[in-house]
file start_27.txt (compact mmCIF, C-alpha atoms)
# COMPACT_ATOMS: atom_id res chain seq x y z
CA GLY F 1 13.86 12.55 9.19
CA GLU F 2 14.36 10.33 6.18
CA ASN F 3 15.72 11.80 2.95
CA VAL F 4 15.59 10.00 -0.41
CA GLU F 5 17.68 11.10 -3.38
CA GLN F 6 16.79 9.81 -6.86
CA HIS F 7 18.82 9.91 -10.07
CA PRO F 8 18.58 10.65 -12.91
CA SER F 9 15.70 13.10 -13.11
CA THR F 10 15.16 12.29 -16.78
CA LEU F 11 16.13 9.23 -18.79
CA SER F 12 15.66 8.48 -22.48
CA VAL F 13 16.25 5.00 -23.85
CA GLN F 14 15.65 3.23 -27.12
CA GLU F 15 12.91 0.63 -27.17
CA GLY F 16 14.38 -2.73 -26.20
CA ASP F 17 17.23 -1.24 -24.16
CA SER F 18 17.48 -1.38 -20.37
CA ALA F 19 16.81 1.46 -17.96
CA VAL F 20 18.27 1.88 -14.49
CA ILE F 21 17.10 4.35 -11.84
CA LYS F 22 19.03 4.77 -8.60
CA CYS F 23 18.03 5.96 -5.14
CA THR F 24 19.84 6.53 -1.88
CA TYR F 25 18.28 6.92 1.53
CA SER F 26 19.59 8.46 4.72
CA ASP F 27 18.02 6.56 7.61
CA SER F 28 19.47 3.11 8.21
CA ALA F 29 16.28 2.17 10.10
CA SER F 30 14.23 2.25 6.88
CA ASN F 31 13.20 -1.28 5.96
CA TYR F 32 10.71 -1.08 3.10
CA PHE F 33 11.44 0.30 -0.38
CA PRO F 34 8.64 0.46 -2.96
CA TRP F 35 8.76 1.76 -6.51
CA TYR F 36 5.83 3.53 -8.12
CA LYS F 37 5.01 4.36 -11.72
CA GLN F 38 2.92 7.44 -12.39
CA GLU F 39 1.36 8.10 -15.77
CA LEU F 40 0.02 11.49 -16.73
CA GLY F 41 -3.18 12.32 -14.90
CA LYS F 42 -3.11 9.19 -12.76
CA GLY F 43 -2.12 8.23 -9.25
CA PRO F 44 1.13 6.41 -8.45
CA GLN F 45 0.94 2.69 -9.17
CA LEU F 46 2.97 0.25 -7.09
CA ILE F 47 5.10 -1.80 -9.47
CA ILE F 48 7.56 -3.59 -7.20
CA ASP F 49 8.89 -3.39 -3.66
CA ILE F 50 11.66 -4.83 -1.56
CA ARG F 51 12.18 -5.30 2.13
CA SER F 52 15.46 -4.92 3.97
CA ASN F 53 15.91 -8.65 4.52
CA VAL F 54 16.13 -9.24 0.76
CA GLY F 55 18.88 -8.14 -1.62
CA GLU F 56 17.10 -8.51 -4.94
CA LYS F 57 13.61 -9.07 -6.26
CA LYS F 58 12.44 -9.64 -9.81
CA ASP F 59 9.06 -9.53 -11.52
CA GLN F 60 9.17 -10.23 -15.24
CA ARG F 61 11.04 -7.29 -16.85
CA ILE F 62 11.39 -5.35 -13.61
CA ALA F 63 13.94 -5.94 -10.86
CA VAL F 64 14.97 -4.07 -7.75
CA THR F 65 18.25 -4.40 -5.87
CA LEU F 66 19.03 -3.20 -2.36
CA ASN F 67 22.41 -2.53 -0.77
CA LYS F 68 21.76 -1.86 2.91
CA THR F 69 25.39 -1.09 3.69
CA ALA F 70 25.52 1.66 1.09
CA LYS F 71 21.88 2.67 1.73
CA HIS F 72 21.24 2.41 -1.96
CA PHE F 73 18.55 0.73 -4.07
CA SER F 74 17.91 0.58 -7.79
CA LEU F 75 15.16 -0.20 -10.28
CA HIS F 76 16.08 -2.09 -13.44
CA ILE F 77 13.72 -2.34 -16.40
CA THR F 78 14.81 -4.63 -19.22
CA GLU F 79 13.52 -4.81 -22.79
CA THR F 80 11.83 -1.43 -22.41
CA GLN F 81 8.61 -0.75 -24.30
CA PRO F 82 6.89 2.54 -25.17
CA GLU F 83 4.28 1.86 -22.50
CA ASP F 84 7.04 1.98 -19.89
CA SER F 85 7.23 5.74 -20.51
CA ALA F 86 6.13 7.44 -17.27
CA VAL F 87 7.50 9.06 -14.12
CA TYR F 88 9.00 6.58 -11.66
CA PHE F 89 9.30 7.26 -7.95
CA CYS F 90 11.32 5.42 -5.37
CA ALA F 91 10.35 5.61 -1.72
CA ALA F 92 11.57 4.51 1.67
CA SER F 93 9.51 3.67 4.68
CA LEU F 94 10.62 4.46 8.19
CA SER F 95 8.53 2.06 10.19
CA GLY F 96 7.77 3.03 13.74
CA ALA F 97 4.73 3.16 15.99
CA GLY F 98 2.72 1.41 13.33
CA SER F 99 3.14 4.00 10.61
CA TYR F 100 4.63 3.15 7.26
CA GLN F 101 4.60 6.66 5.86
CA LEU F 102 6.56 6.86 2.64
CA THR F 103 9.32 9.35 1.88
CA PHE F 104 9.60 9.74 -1.87
CA GLY F 105 12.39 10.65 -4.22
CA LYS F 106 11.80 13.50 -6.68
CA GLY F 107 11.02 11.15 -9.56
CA THR F 108 12.57 10.07 -12.86
CA LYS F 109 10.83 10.81 -16.13
CA LEU F 110 11.50 7.82 -18.38
CA SER F 111 10.96 8.18 -22.11
CA VAL F 112 11.17 5.06 -24.28
CA ILE F 113 11.78 5.98 -27.89
CA PRO F 114 10.21 3.58 -30.42
CA ASP O 1 -7.53 0.47 -11.03
CA SER O 2 -6.21 0.36 -7.45
CA GLY O 3 -9.63 0.14 -5.81
CA VAL O 4 -9.09 3.44 -3.98
CA THR O 5 -11.58 6.14 -4.97
CA GLN O 6 -11.27 9.88 -4.50
CA THR O 7 -13.75 12.67 -5.08
CA PRO O 8 -13.87 15.19 -6.54
CA LYS O 9 -11.43 14.73 -9.40
CA HIS O 10 -10.93 18.47 -9.82
CA LEU O 11 -11.65 21.38 -7.51
CA ILE O 12 -11.25 25.07 -8.27
CA THR O 13 -11.75 27.52 -5.45
CA ALA O 14 -10.69 30.95 -4.26
CA THR O 15 -8.16 31.97 -1.64
CA GLY O 16 -9.52 31.96 1.88
CA GLN O 17 -12.07 29.25 1.17
CA ARG O 18 -12.42 25.78 2.71
CA VAL O 19 -12.72 22.48 0.84
CA THR O 20 -13.19 18.83 1.72
CA LEU O 21 -11.57 16.00 -0.20
CA ARG O 22 -12.98 12.51 0.14
CA CYS O 23 -11.32 9.11 -0.06
CA SER O 24 -12.72 5.59 0.04
CA PRO O 25 -10.04 2.96 0.69
CA ARG O 26 -9.86 -0.47 -0.92
CA SER O 27 -12.33 -2.93 0.51
CA GLY O 28 -10.96 -4.27 3.77
CA ASP O 29 -8.11 -1.77 4.11
CA LEU O 30 -8.01 -0.16 7.53
CA SER O 31 -5.20 2.34 7.01
CA VAL O 32 -5.48 5.56 5.01
CA TYR O 33 -2.62 7.90 4.13
CA TRP O 34 -2.88 11.37 2.59
CA TYR O 35 -0.13 12.79 0.38
CA GLN O 36 0.33 16.11 -1.40
CA GLN O 37 2.07 16.30 -4.77
CA SER O 38 3.36 19.65 -6.01
CA LEU O 39 5.95 20.57 -8.61
CA ASP O 40 8.37 22.10 -6.13
CA GLN O 41 7.92 19.75 -3.15
CA GLY O 42 7.22 16.45 -4.89
CA LEU O 43 5.15 13.80 -3.12
CA GLN O 44 4.90 14.53 0.60
CA PHE O 45 3.21 12.60 3.38
CA LEU O 46 0.56 14.57 5.25
CA ILE O 47 -1.26 12.32 7.70
CA GLN O 48 -2.25 8.71 8.38
CA TYR O 49 -5.33 7.17 9.98
CA TYR O 50 -5.81 3.60 11.06
CA ASN O 51 -9.28 2.29 11.87
CA GLY O 52 -10.51 5.74 12.81
CA GLU O 53 -7.50 6.82 14.86
CA GLU O 54 -4.79 9.25 13.81
CA ARG O 55 -1.51 7.33 13.55
CA ALA O 56 1.12 9.68 12.19
CA LYS O 57 1.53 13.25 11.03
CA GLY O 58 3.92 14.52 8.44
CA ASN O 59 4.32 17.99 6.98
CA ILE O 60 0.67 18.89 7.42
CA LEU O 61 -0.23 22.53 7.92
CA GLU O 62 -2.37 23.55 10.89
CA ARG O 63 -4.97 24.78 8.41
CA PHE O 64 -5.38 21.19 7.23
CA SER O 65 -7.13 18.42 9.13
CA ALA O 66 -8.40 14.96 8.42
CA GLN O 67 -10.60 12.26 9.87
CA GLN O 68 -11.54 8.67 9.20
CA PHE O 69 -15.13 7.59 9.71
CA PRO O 70 -16.54 4.28 11.03
CA ASP O 71 -17.12 3.08 7.46
CA LEU O 72 -13.35 3.74 6.94
CA HIS O 73 -13.70 6.48 4.35
CA SER O 74 -11.55 9.52 5.07
CA GLU O 75 -11.86 13.23 4.48
CA LEU O 76 -9.12 15.83 4.23
CA ASN O 77 -10.24 19.34 5.13
CA LEU O 78 -8.25 22.30 3.83
CA SER O 79 -9.15 25.75 5.15
CA SER O 80 -8.04 29.36 4.67
CA LEU O 81 -6.71 28.27 1.31
CA GLU O 82 -3.69 29.98 -0.21
CA LEU O 83 -2.38 29.95 -3.76
CA GLY O 84 0.44 27.68 -2.62
CA ASP O 85 -2.04 24.96 -1.63
CA SER O 86 -2.72 24.27 -5.29
CA ALA O 87 -1.54 20.69 -5.80
CA LEU O 88 -2.60 17.12 -6.36
CA TYR O 89 -3.83 15.40 -3.23
CA PHE O 90 -3.61 11.63 -3.09
CA CYS O 91 -5.08 9.15 -0.73
CA ALA O 92 -3.49 5.72 -0.32
CA SER O 93 -4.79 2.74 1.56
CA SER O 94 -3.08 -0.23 3.14
CA PRO O 95 -4.51 -3.43 4.62
CA THR O 96 -2.74 -3.38 7.95
CA LEU O 97 -0.16 -1.54 9.99
CA ALA O 98 2.49 -4.18 10.08
CA GLY O 99 3.27 -7.73 9.21
CA ALA O 100 3.64 -8.99 5.68
CA ASN O 101 1.02 -6.89 4.03
CA TYR O 102 1.34 -3.12 4.29
CA GLU O 103 1.78 -1.99 0.70
CA GLN O 104 0.13 1.32 -0.09
CA TYR O 105 -2.23 1.63 -3.03
CA PHE O 106 -2.94 5.10 -4.34
CA GLY O 107 -6.15 6.63 -5.60
CA PRO O 108 -6.43 8.76 -8.75
CA GLY O 109 -6.06 12.00 -6.79
CA THR O 110 -7.89 15.30 -6.49
CA ARG O 111 -6.42 18.25 -8.36
CA LEU O 112 -6.95 21.42 -6.29
CA THR O 113 -6.55 24.80 -7.91
CA VAL O 114 -6.71 27.87 -5.70
CA THR O 115 -7.24 31.14 -7.59

call {"tool": "encode", "arguments": {"input": "start_27.txt", "output": "structure tokens"}}
result
Amino acid sequence: GENVEQHPSTLSVQEGDSAVIKCTYSDSASNYFPWYKQELGKGPQLIIDIRSNVGEKKDQRIAVTLNKTAKHFSLHITETQPEDSAVYFCAASLSGAGSYQLTFGKGTKLSVIP
Amino acid sequence: DSGVTQTPKHLITATGQRVTLRCSPRSGDLSVYWYQQSLDQGLQFLIQYYNGEERAKGNILERFSAQQFPDLHSELNLSSLELGDSALYFCASSPTLAGANYEQYFGPGTRLTVT
């Protein structure tokens, strides 16, 4: 089955700096890669996603890049703010028979220091 | 707020017992996914239903079962509970199976504690 590795497990940045979280996946058939933000006591919130026919996608301060050859995708957050502090999860979806079940990485705890 | 609701928010029960977790998907979403989140295993896919039919199974124990009703709400039944079943259980919903619109939106979760 699919396996998703996520690094780093913790990340501390100064407010205003950029943060980068990296993930690799194992199954070349995976074609959908969402990123979720989870705050304490809440459910994961979809913040951005990318499909395999696209190399990069941006939404305000957040961007995601995908390298299909290397089976690698990354989340970039620019101009970080204290409210960006949370746990971030990458995921990969192995589509087949109409199921888009997500395989998640272990998460990255991001702390933005004011 | 994702529009996905889950009840109860917290559940404390004893080993050997059975519990039912409930999920109401976003309005119009036909697909429901259940995930378990624990400290050691992370977020793991359990099972998916689409319009009342089981679509896919992940690492779901035989003691666990689920169903989706005609009004599209879903229930996850956990029986013969063990201490290791203590975790957060999330439901996610998605509009369709395929095409351009299959993002999953998560509910707030049910925290299960087995004592």

call {"tool": "interface_residues", "arguments": {"input": "start_27.txt", "of": "chain F", "to": "chain O", "cutoff": "7 Å", "atoms": "all atoms listed in the file", "output": "list in words"}}
result
Lys42, Gly43, Pro44, Gln45, Leu46, Gly98, Ser99, Gln101, Leu102, Thr103, Phe104 and Lys106 of chain F

call {"tool": "closest_residue", "arguments": {"input": "start_27.txt", "among": "F:Ile47, F:Val112, F:Val4, F:Val20", "to": "F:Thr80", "atoms": "all atoms listed in the file"}}
result
F:Val112

call {"tool": "residues_around", "arguments": {"input": "start_27.txt", "residues": "stretch 33-40 of chain F", "least_positions_apart": "4", "cutoff": "6 Å", "atoms": "all atoms listed in the file", "output": "PyMOL selection string"}}
result
chain F and resi 44-50+86-92

call {"tool": "atom_distance", "arguments": {"input": "start_27.txt", "atom1": "atom CA of F:Glu56", "atom2": "atom CA of F:Leu110"}}
result
21.9 Å

call {"tool": "atom_distance", "arguments": {"input": "start_27.txt", "atom1": "atom CA of F:Gly41", "atom2": "atom CA of O:Glu75"}}
result
21.3 Å

call {"tool": "atom_distance", "arguments": {"input": "start_27.txt", "atom1": "atom CA of F:Gly107", "atom2": "atom CA of O:Asn59"}}
result
19.1 Å

call {"tool": "residues_near_point", "arguments": {"input": "start_27.txt", "point": "(-13.6, 4.0, 11.1)", "cutoff": "9 Å", "atoms": "only C-alpha atoms", "output": "CSV table (one decimal) with C-alpha atoms, keeping the file's coordinate frame"}}
result
chain,number,residue,atom,x,y,z
O,30,LEU,CA,-8.0,-0.2,7.5
O,49,TYR,CA,-5.3,7.2,10.0
O,50,TYR,CA,-5.8,3.6,11.1
O,51,ASN,CA,-9.3,2.3,11.9
O,52,GLY,CA,-10.5,5.7,12.8
O,53,GLU,CA,-7.5,6.8,14.9
O,67,GLN,CA,-10.6,12.3,9.9
O,68,GLN,CA,-11.5,8.7,9.2
O,69,PHE,CA,-15.1,7.6,9.7
O,70,PRO,CA,-16.5,4.3,11.0
O,71,ASP,CA,-17.1,3.1,7.5
O,72,LEU,CA,-13.4,3.7,6.9
O,73,HIS,CA,-13.7,6.5,4.4
O,74,SER,CA,-11.6,9.5,5.1

call {"tool": "residues_around", "arguments": {"input": "start_27.txt", "residues": "stretch 8-19 of chain O", "least_positions_apart": "4", "cutoff": "6 Å", "atoms": "only C-alpha atoms", "output": "list in words"}}
result
Asn77, Leu78, Ser79, Ser80, Leu81, Glu82, Thr110, Arg111, Leu112, Thr113, Val114 and Thr115 of chain O

call {"tool": "write_last_selection", "arguments": {"input": "start_27.txt", "atoms": "C-alpha atoms", "output": "tab-separated table (two decimals), keeping the file's coordinate frame"}}
result
chain	number	residue	atom	x	y	z
O	77	ASN	CA	-10.24	19.34	5.13
O	78	LEU	CA	-8.25	22.30	3.83
O	79	SER	CA	-9.15	25.75	5.15
O	80	SER	CA	-8.04	29.36	4.67
O	81	LEU	CA	-6.71	28.27	1.31
O	82	GLU	CA	-3.69	29.98	-0.21
O	110	THR	CA	-7.89	15.30	-6.49
O	111	ARG	CA	-6.42	18.25	-8.36
O	112	LEU	CA	-6.95	21.42	-6.29
O	113	THR	CA	-6.55	24.80	-7.91
O	114	VAL	CA	-6.71	27.87	-5.70
O	115	THR	CA	-7.24	31.14	-7.59

call {"tool": "residues_around", "arguments": {"input": "start_27.txt", "residues": "F:His7", "least_positions_apart": "4", "cutoff": "9 Å", "atoms": "all atoms listed in the file", "output": "list in words"}}
result
Ile21, Lys22, Cys23, Thr24, Gly105, Lys106, Gly107 and Thr108 of chain F

call {"tool": "write_last_selection", "arguments": {"input": "start_27.txt", "atoms": "C-alpha atoms", "output": "CSV table (one decimal), in the coordinates of the input"}}
result
chain,number,residue,atom,x,y,z
F,21,ILE,CA,17.1,4.4,-11.8
F,22,LYS,CA,19.0,4.8,-8.6
F,23,CYS,CA,18.0,6.0,-5.1
F,24,THR,CA,19.8,6.5,-1.9
F,105,GLY,CA,12.4,10.6,-4.2
F,106,LYS,CA,11.8,13.5,-6.7
F,107,GLY,CA,11.0,11.2,-9.6
F,108,THR,CA,12.6,10.1,-12.9

call {"tool": "residues_around", "arguments": {"input": "start_27.txt", "residues": "F:Val64", "least_positions_apart": "2", "cutoff": "6 Å", "atoms": "only C-alpha atoms", "output": "compact mmCIF listing (two decimals) with C-alpha atoms, in the frame of the given file"}}
result
# COMPACT_ATOMS: atom_id res chain seq x y z
CA GLU F 56 17.10 -8.51 -4.94
CA LYS F 57 13.61 -9.07 -6.26
CA SER F 74 17.91 0.58 -7.79
CA LEU F 75 15.16 -0.20 -10.28

call {"tool": "axis_aligned_box", "arguments": {"input": "start_27.txt", "around": "stretch 83-92 of chain O", "padding_each_side": "3 Å", "output": "AutoDock Vina command-line options"}}
result
--center_x -2.3 --center_y 17.8 --center_z -3.3 --size_x 11.5 --size_y 30.2 --size_z 12.0

call {"tool": "closest_residue", "arguments": {"input": "start_27.txt", "among": "F:Val13, F:Ile113, F:Leu94, F:Ala19", "to": "F:Ser52", "atoms": "all atoms listed in the file"}}
result
F:Leu94
